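Before any comments, here is the structure.
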Amino acid sequence: MEDTQPAVRARGLTKCFGDVVALDGVGLELLPGRIHGLAGPNGAGKTTLLGLLLGLAVADGGELEVLGSPLGRALAAPDGVAGFVDGPGLYPSLTARRNLAALAALRGEDAGAGRIDEVLFEVGLRDVADDRVRGFSLGMRQRLGLAAALLTRPRLLVLDEPSNGLDPAGKQHVHGALRRLAEDGVTVVLSSHRMDDLESLCSEVTILATGRVRFSGPLGELAAETRALEHRLLTSDLRAARRVAVGTAGVTVLDGAGAWRGTEALVVRATGPAVERLVDGLVQEGVRLREVAPVVSPLEAAYLALTEEQQEEGR
């Protein structure tokens, strides 16, 4: 049975740095075994929120419970929580293996060589375990930071831009590790400017702007919160598809000609229900559809809309 006790529960969280309001009445509930994404423009409050979860900062107001325990007023990492903000802290002159051993010793933990090898394998770094970190790429450092967090067997894993610098192989290792953690009941919270990463990994997302929650929930619900999107339709008959689109309520044709991967393409702007009406009309006309996809995903569209909104508020 799935544990329905929230791993994180926040009510009315506020945090200010001088005159700057970083978090303004943030409320949030995160359930175990989920990968939860944080998105939003720069300065939205994502890093501040992650810092509160890691015990690196203390809220000015509101309530925050992590893994069933309220966080106090002292700066301290809550039990069962691990991760990093603004990149992992590593020792460049030490090897990957020695880094993990040193970090475990600083935490006062009994992390044997077997566990260190296990987490290095989990993130795809076992072959470079004895290489000095100063020669690591940004992506390799990110993966080693994840390995360091996994040493503690956390129940809540908090990551800030974990995909920075990852090549395709590194991304495969990291994404696979995060999915396996969620399957084992670990709650993963990650912030990213990479909308494709959030959509690939996350079952739910919170969008912040100017320190406030603008949306929080499953990705599937985000389309209903988003204005009309541009969609690309790959069809067998561009002329007939355009005729049907022009006659479909709620559909605006943006590009009546073009090609995508050698197939005739039509670009329209429409809400989800209007796209469904268009697809029904094309089927009735005998026009074959090879693909119907948003040009910009609902998550990215919401992100861009909030960025524009934040800029307008700034003016």
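In the structure tokens, chains take letters A, B, ... by order of appearance, with residues numbered from 1 within each chain and ligands from 1 in the order shown.
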field: DSSP strand (DSSP E) residues within region 15-246 of chain A, as JSON, numbers by chain
entry: {"A": [15, 16, 17, 20, 21, 22, 23, 24, 25, 26, 27, 28, 29, 30, 35, 36, 37, 38, 39, 61, 62, 63, 64, 65, 66, 69, 70, 81, 82, 83, 84, 156, 157, 158, 159, 160, 187, 188, 189, 190, 191, 204, 205, 206, 207, 208, 209, 212, 213, 214, 215, 216, 217, 218, 229, 230, 231, 232, 233, 234, 235]}
message: Which residues are close to Met140 (chain A), i.e. within 10 Å by only C-alpha atoms, leaving aside same-chain residues fewer than 4 positions away? Reply as a list in words.
response: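 The residues satisfying every condition are Ala96, Val123, Gly124, Leu125, Val128, Val133, Gly135, Phe136, Leu144, Gly145, Leu146, Asn164, Gly165, Leu166, Asp167 and Gly170 of chain A.
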Test item: residues at most 12 Å from Gly286 (chain A), only C-alpha atoms, excluding those fewer than 3 positions along its chain, as an MDAnalysis selection string: chainID A and resid 235:237 240:241 244 279:283 289
Write the residues of the preceding selection, restricted to N, CA and C atoms, as a short mmCIF file (atom, residue, chain, number, x, y, z; two decimals), in the first residue's frame.
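Generated output (again12.cif):
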data_model
loop_
_atom_site.label_atom_id
_atom_site.label_comp_id
_atom_site.auth_asym_id
_atom_site.auth_seq_id
_atom_site.Cartn_x
_atom_site.Cartn_y
_atom_site.Cartn_z
N THR A 235 0.48 15.00 -41.57
CA THR A 235 -0.68 14.41 -42.24
C THR A 235 -0.30 13.86 -43.61
N SER A 236 -1.24 13.09 -44.15
CA SER A 236 -1.04 12.56 -45.50
C SER A 236 -1.49 13.54 -46.58
N ASP A 237 -2.25 14.57 -46.19
CA ASP A 237 -2.81 15.50 -47.18
C ASP A 237 -2.86 16.89 -46.55
N ALA A 240 -6.03 19.18 -47.52
CA ALA A 240 -7.28 18.78 -46.86
C ALA A 240 -7.20 19.07 -45.37
N ALA A 241 -6.04 18.86 -44.76
CA ALA A 241 -5.88 19.12 -43.33
C ALA A 241 -6.07 20.60 -43.03
N VAL A 244 -9.82 21.45 -43.20
CA VAL A 244 -10.55 21.01 -42.01
C VAL A 244 -10.20 21.89 -40.82
N VAL A 279 -8.88 16.61 -34.80
CA VAL A 279 -8.51 15.22 -35.11
C VAL A 279 -9.73 14.44 -35.58
N ASP A 280 -10.86 14.62 -34.89
CA ASP A 280 -12.09 13.94 -35.30
C ASP A 280 -12.48 14.33 -36.73
N GLY A 281 -12.36 15.63 -37.03
CA GLY A 281 -12.70 16.09 -38.37
C GLY A 281 -11.78 15.52 -39.44
N LEU A 282 -10.50 15.41 -39.13
CA LEU A 282 -9.55 14.85 -40.10
C LEU A 282 -9.85 13.38 -40.36
N VAL A 283 -10.18 12.65 -39.31
CA VAL A 283 -10.51 11.23 -39.47
C VAL A 283 -11.74 11.07 -40.35
N LEU A 289 -3.32 10.73 -40.02
CA LEU A 289 -2.45 11.48 -39.10
C LEU A 289 -1.27 10.60 -38.70
#
message: Counting only C-alpha atoms, which residue out of A:Ala101, A:Leu222, A:Ala44, A:Leu150 sits closest to Ala129 (chain A)?
response: A:Ala101
task: Please identify all polymer residues within 12 Å of Ile35 (chain A), counting only C-alpha atoms, omitting same-chain residues fewer than 4 positions from it, and present them as a PyMOL selection string.
output: chain A and resi 7+30-31+156-159+175+177-191+197-206+217-219
Output C-alpha atoms for every residue in the selection just made, as a JSON list (two decimals), in the first residue's frame.
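What landed in part-v9.json:
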[["chain", "number", "residue", "atom", "x", "y", "z"],
["A", 7, "ALA", "CA", 7.28, 13.51, 2.99],
["A", 30, "LEU", "CA", 4.97, 15.98, -1.48],
["A", 31, "LEU", "CA", 4.17, 12.29, -1.17],
["A", 156, "LEU", "CA", 14.13, 12.61, 0.79],
["A", 157, "LEU", "CA", 16.60, 13.53, -1.95],
["A", 158, "VAL", "CA", 16.90, 17.23, -2.86],
["A", 159, "LEU", "CA", 18.77, 18.15, -6.05],
["A", 175, "HIS", "CA", 17.61, 9.36, -14.59],
["A", 177, "ALA", "CA", 19.02, 6.04, -10.50],
["A", 178, "LEU", "CA", 16.32, 8.59, -9.64],
["A", 179, "ARG", "CA", 13.54, 6.38, -11.01],
["A", 180, "ARG", "CA", 14.79, 3.40, -9.01],
["A", 181, "LEU", "CA", 14.89, 5.52, -5.85],
["A", 182, "ALA", "CA", 11.29, 6.61, -6.38],
["A", 183, "GLU", "CA", 10.25, 2.99, -6.95],
["A", 184, "ASP", "CA", 11.82, 2.20, -3.56],
["A", 185, "GLY", "CA", 9.70, 4.88, -1.88],
["A", 186, "VAL", "CA", 12.21, 7.74, -1.81],
["A", 187, "THR", "CA", 10.83, 11.22, -2.42],
["A", 188, "VAL", "CA", 12.93, 13.13, -4.97],
["A", 189, "VAL", "CA", 12.69, 16.91, -5.34],
["A", 190, "LEU", "CA", 14.66, 18.48, -8.16],
["A", 191, "SER", "CA", 14.78, 21.88, -9.75],
["A", 197, "ASP", "CA", 14.11, 16.55, -18.04],
["A", 198, "LEU", "CA", 11.20, 17.48, -15.78],
["A", 199, "GLU", "CA", 8.67, 16.02, -18.20],
["A", 200, "SER", "CA", 10.68, 12.84, -18.58],
["A", 201, "LEU", "CA", 11.25, 12.27, -14.86],
["A", 202, "CYS", "CA", 8.53, 13.95, -12.83],
["A", 203, "SER", "CA", 5.06, 12.74, -12.01],
["A", 204, "GLU", "CA", 4.18, 16.18, -10.65],
["A", 205, "VAL", "CA", 5.59, 19.67, -10.74],
["A", 206, "THR", "CA", 5.43, 22.96, -8.87],
["A", 217, "GLY", "CA", 0.09, 19.12, -9.24],
["A", 218, "PRO", "CA", 0.36, 16.29, -11.76],
["A", 219, "LEU", "CA", 1.77, 17.15, -15.17]]
Need the shell around Arg242 (chain A): protein/DNA/RNA residues with any atom at most 12 Å away, counting only C-alpha atoms. Skip same-chain ones fewer than 4 positions apart. Format as an mmCIF file with N, CA and C atoms, in the first residue's frame?
data_model
loop_
_atom_site.group_PDB
_atom_site.id
_atom_site.type_symbol
_atom_site.label_atom_id
_atom_site.label_comp_id
_atom_site.auth_asym_id
_atom_site.auth_seq_id
_atom_site.Cartn_x
_atom_site.Cartn_y
_atom_site.Cartn_z
ATOM 1 N N ARG A 232 1.759 20.739 -33.853
ATOM 2 C CA ARG A 232 2.221 20.327 -35.189
ATOM 3 C C ARG A 232 1.507 19.042 -35.562
ATOM 4 N N LEU A 233 0.898 19.031 -36.731
ATOM 5 C CA LEU A 233 0.202 17.857 -37.232
ATOM 6 C C LEU A 233 0.912 17.367 -38.484
ATOM 7 N N LEU A 234 1.307 16.103 -38.478
ATOM 8 C CA LEU A 234 1.889 15.472 -39.655
ATOM 9 C C LEU A 234 0.789 14.659 -40.323
ATOM 10 N N THR A 235 0.478 14.997 -41.567
ATOM 11 C CA THR A 235 -0.681 14.407 -42.238
ATOM 12 C C THR A 235 -0.304 13.863 -43.610
ATOM 13 N N SER A 236 -1.236 13.095 -44.154
ATOM 14 C CA SER A 236 -1.038 12.557 -45.505
ATOM 15 C C SER A 236 -1.488 13.539 -46.578
ATOM 16 N N ASP A 237 -2.248 14.573 -46.192
ATOM 17 C CA ASP A 237 -2.809 15.501 -47.178
ATOM 18 C C ASP A 237 -2.864 16.886 -46.549
ATOM 19 N N LEU A 238 -1.849 17.696 -46.813
ATOM 20 C CA LEU A 238 -1.746 19.008 -46.196
ATOM 21 C C LEU A 238 -2.911 19.912 -46.576
ATOM 22 N N VAL A 246 -9.237 25.053 -40.767
ATOM 23 C CA VAL A 246 -9.859 26.372 -40.894
ATOM 24 C C VAL A 246 -11.325 26.314 -40.480
ATOM 25 N N GLY A 247 -11.977 25.190 -40.717
ATOM 26 C CA GLY A 247 -13.389 25.072 -40.392
ATOM 27 C C GLY A 247 -13.676 24.523 -39.003
ATOM 28 N N THR A 248 -12.649 24.340 -38.180
ATOM 29 C CA THR A 248 -12.843 23.785 -36.837
ATOM 30 C C THR A 248 -12.833 24.899 -35.805
ATOM 31 N N VAL A 251 -9.693 26.645 -33.531
ATOM 32 C CA VAL A 251 -8.400 26.322 -34.128
ATOM 33 C C VAL A 251 -7.954 27.472 -35.022
ATOM 34 N N THR A 252 -6.730 27.935 -34.837
ATOM 35 C CA THR A 252 -6.139 28.973 -35.682
ATOM 36 C C THR A 252 -4.957 28.375 -36.437
ATOM 37 N N VAL A 253 -4.995 28.446 -37.757
ATOM 38 C CA VAL A 253 -3.910 27.915 -38.577
ATOM 39 C C VAL A 253 -2.771 28.926 -38.595
ATOM 40 N N LEU A 254 -1.573 28.487 -38.196
ATOM 41 C CA LEU A 254 -0.401 29.369 -38.158
ATOM 42 C C LEU A 254 0.508 29.162 -39.349
ATOM 43 N N ASP A 255 0.546 27.943 -39.860
ATOM 44 C CA ASP A 255 1.458 27.651 -40.966
ATOM 45 C C ASP A 255 0.777 26.652 -41.878
ATOM 46 N N GLY A 256 0.419 27.095 -43.066
ATOM 47 C CA GLY A 256 -0.318 26.220 -43.959
ATOM 48 C C GLY A 256 0.540 25.363 -44.848
ATOM 49 N N ALA A 257 1.849 25.488 -44.760
ATOM 50 C CA ALA A 257 2.716 24.674 -45.604
ATOM 51 C C ALA A 257 4.026 24.438 -44.889
ATOM 52 N N GLY A 258 4.600 23.331 -45.170
ATOM 53 C CA GLY A 258 5.888 23.033 -44.570
ATOM 54 C C GLY A 258 6.101 21.543 -44.523
ATOM 55 N N GLU A 264 4.379 16.082 -44.791
ATOM 56 C CA GLU A 264 3.646 17.337 -44.793
ATOM 57 C C GLU A 264 3.213 17.703 -43.372
ATOM 58 N N ALA A 265 3.378 18.972 -43.007
ATOM 59 C CA ALA A 265 3.086 19.406 -41.641
ATOM 60 C C ALA A 265 2.154 20.603 -41.654
ATOM 61 N N LEU A 266 1.332 20.674 -40.619
ATOM 62 C CA LEU A 266 0.436 21.804 -40.405
ATOM 63 C C LEU A 266 0.609 22.250 -38.965
ATOM 64 N N VAL A 267 0.746 23.563 -38.748
ATOM 65 C CA VAL A 267 0.912 24.102 -37.402
ATOM 66 C C VAL A 267 -0.315 24.937 -37.064
ATOM 67 N N VAL A 268 -0.945 24.623 -35.916
ATOM 68 C CA VAL A 268 -2.144 25.334 -35.488
ATOM 69 C C VAL A 268 -1.981 25.747 -34.032
ATOM 70 N N LEU A 278 -10.442 18.806 -34.024
ATOM 71 C CA LEU A 278 -9.731 18.813 -35.304
ATOM 72 C C LEU A 278 -9.355 17.393 -35.723
ATOM 73 N N VAL A 279 -8.881 16.610 -34.799
ATOM 74 C CA VAL A 279 -8.512 15.224 -35.114
ATOM 75 C C VAL A 279 -9.732 14.441 -35.577
ATOM 76 N N GLY A 281 -12.357 15.627 -37.027
ATOM 77 C CA GLY A 281 -12.699 16.095 -38.369
ATOM 78 C C GLY A 281 -11.784 15.521 -39.435
ATOM 79 N N LEU A 282 -10.495 15.411 -39.132
ATOM 80 C CA LEU A 282 -9.554 14.849 -40.101
ATOM 81 C C LEU A 282 -9.850 13.380 -40.360
ATOM 82 N N GLU A 285 -12.691 13.008 -42.646
ATOM 83 C CA GLU A 285 -12.353 13.370 -44.028
ATOM 84 C C GLU A 285 -11.390 12.365 -44.656
ATOM 85 N N VAL A 287 -8.276 11.869 -43.780
ATOM 86 C CA VAL A 287 -6.884 12.343 -43.744
ATOM 87 C C VAL A 287 -6.132 11.553 -42.682
#
message: What's around region 49-66 of chain A at 7 Å? Count only C-alpha atoms, leave out sequence neighbours fewer than 5 positions away in its own chain, and write the answer as a PyMOL selection string.
response: chain A and resi 7-15+71+73+75-78+81-82+85+158
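CA of Pro32 (chain A) sits 23.4 Å away from CA of His193 (chain A).
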query: What does the distance from CA of Ala39 (chain A) to CA of Glu230 (chain A) come to in Å, to one decimal?
result: 20.9 Å
Helix (DSSP H, G or I) per DSSP on the backbone: members of region 78-164 of chain A, as a PDB file with C-alpha atoms, in the first residue's frame:
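Saved as states25.pdb:
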ATOM      1  CA  ALA A  96      36.092  10.017  -6.545  1.00  0.00           C
ATOM      2  CA  ARG A  97      36.414   7.115  -4.123  1.00  0.00           C
ATOM      3  CA  ARG A  98      38.403   9.150  -1.590  1.00  0.00           C
ATOM      4  CA  ASN A  99      35.846  11.964  -1.842  1.00  0.00           C
ATOM      5  CA  LEU A 100      33.054   9.625  -0.835  1.00  0.00           C
ATOM      6  CA  ALA A 101      35.110   8.099   1.971  1.00  0.00           C
ATOM      7  CA  ALA A 102      35.989  11.583   3.310  1.00  0.00           C
ATOM      8  CA  LEU A 103      32.392  12.770   3.174  1.00  0.00           C
ATOM      9  CA  ALA A 104      31.200   9.655   4.969  1.00  0.00           C
ATOM     10  CA  ALA A 105      33.847  10.148   7.666  1.00  0.00           C
ATOM     11  CA  LEU A 106      32.813  13.789   8.161  1.00  0.00           C
ATOM     12  CA  ALA A 113      34.091   0.232   0.455  1.00  0.00           C
ATOM     13  CA  GLY A 114      31.202  -1.961  -0.636  1.00  0.00           C
ATOM     14  CA  ARG A 115      28.677   0.829  -0.269  1.00  0.00           C
ATOM     15  CA  ILE A 116      30.955   3.344  -1.978  1.00  0.00           C
ATOM     16  CA  ASP A 117      31.396   1.044  -4.946  1.00  0.00           C
ATOM     17  CA  GLU A 118      27.655   0.509  -5.043  1.00  0.00           C
ATOM     18  CA  VAL A 119      26.780   4.191  -5.356  1.00  0.00           C
ATOM     19  CA  LEU A 120      29.590   4.810  -7.851  1.00  0.00           C
ATOM     20  CA  PHE A 121      28.153   2.033  -9.988  1.00  0.00           C
ATOM     21  CA  GLU A 122      24.658   3.465  -9.571  1.00  0.00           C
ATOM     22  CA  ARG A 126      32.902   3.090 -11.048  1.00  0.00           C
ATOM     23  CA  ASP A 127      35.383   3.032 -13.966  1.00  0.00           C
ATOM     24  CA  VAL A 128      36.804   6.412 -12.872  1.00  0.00           C
ATOM     25  CA  VAL A 133      38.032  14.946  -9.321  1.00  0.00           C
ATOM     26  CA  ARG A 134      39.933  17.977 -10.645  1.00  0.00           C
ATOM     27  CA  GLY A 135      39.884  16.286 -14.046  1.00  0.00           C
ATOM     28  CA  LEU A 138      30.766  19.276 -14.840  1.00  0.00           C
ATOM     29  CA  GLY A 139      28.473  16.356 -15.580  1.00  0.00           C
ATOM     30  CA  MET A 140      30.783  13.880 -13.830  1.00  0.00           C
ATOM     31  CA  ARG A 141      30.913  16.128 -10.771  1.00  0.00           C
ATOM     32  CA  GLN A 142      27.121  16.238 -10.708  1.00  0.00           C
ATOM     33  CA  ARG A 143      27.013  12.455 -10.804  1.00  0.00           C
ATOM     34  CA  LEU A 144      29.555  12.198  -8.001  1.00  0.00           C
ATOM     35  CA  GLY A 145      27.480  14.632  -5.948  1.00  0.00           C
ATOM     36  CA  LEU A 146      24.489  12.351  -6.427  1.00  0.00           C
ATOM     37  CA  ALA A 147      26.592   9.371  -5.347  1.00  0.00           C
ATOM     38  CA  ALA A 148      27.595  11.254  -2.185  1.00  0.00           C
ATOM     39  CA  ALA A 149      23.949  11.910  -1.374  1.00  0.00           C
ATOM     40  CA  LEU A 150      23.045   8.258  -1.924  1.00  0.00           C
TER      41      LEU A 150
END
query: Of the candidates A:Leu67, A:Ser93, A:Leu208, A:Arg194, which shows the shortest atom-to-atom distance to Thr47 (chain A), using only C-alpha atoms?
result: A:Leu208
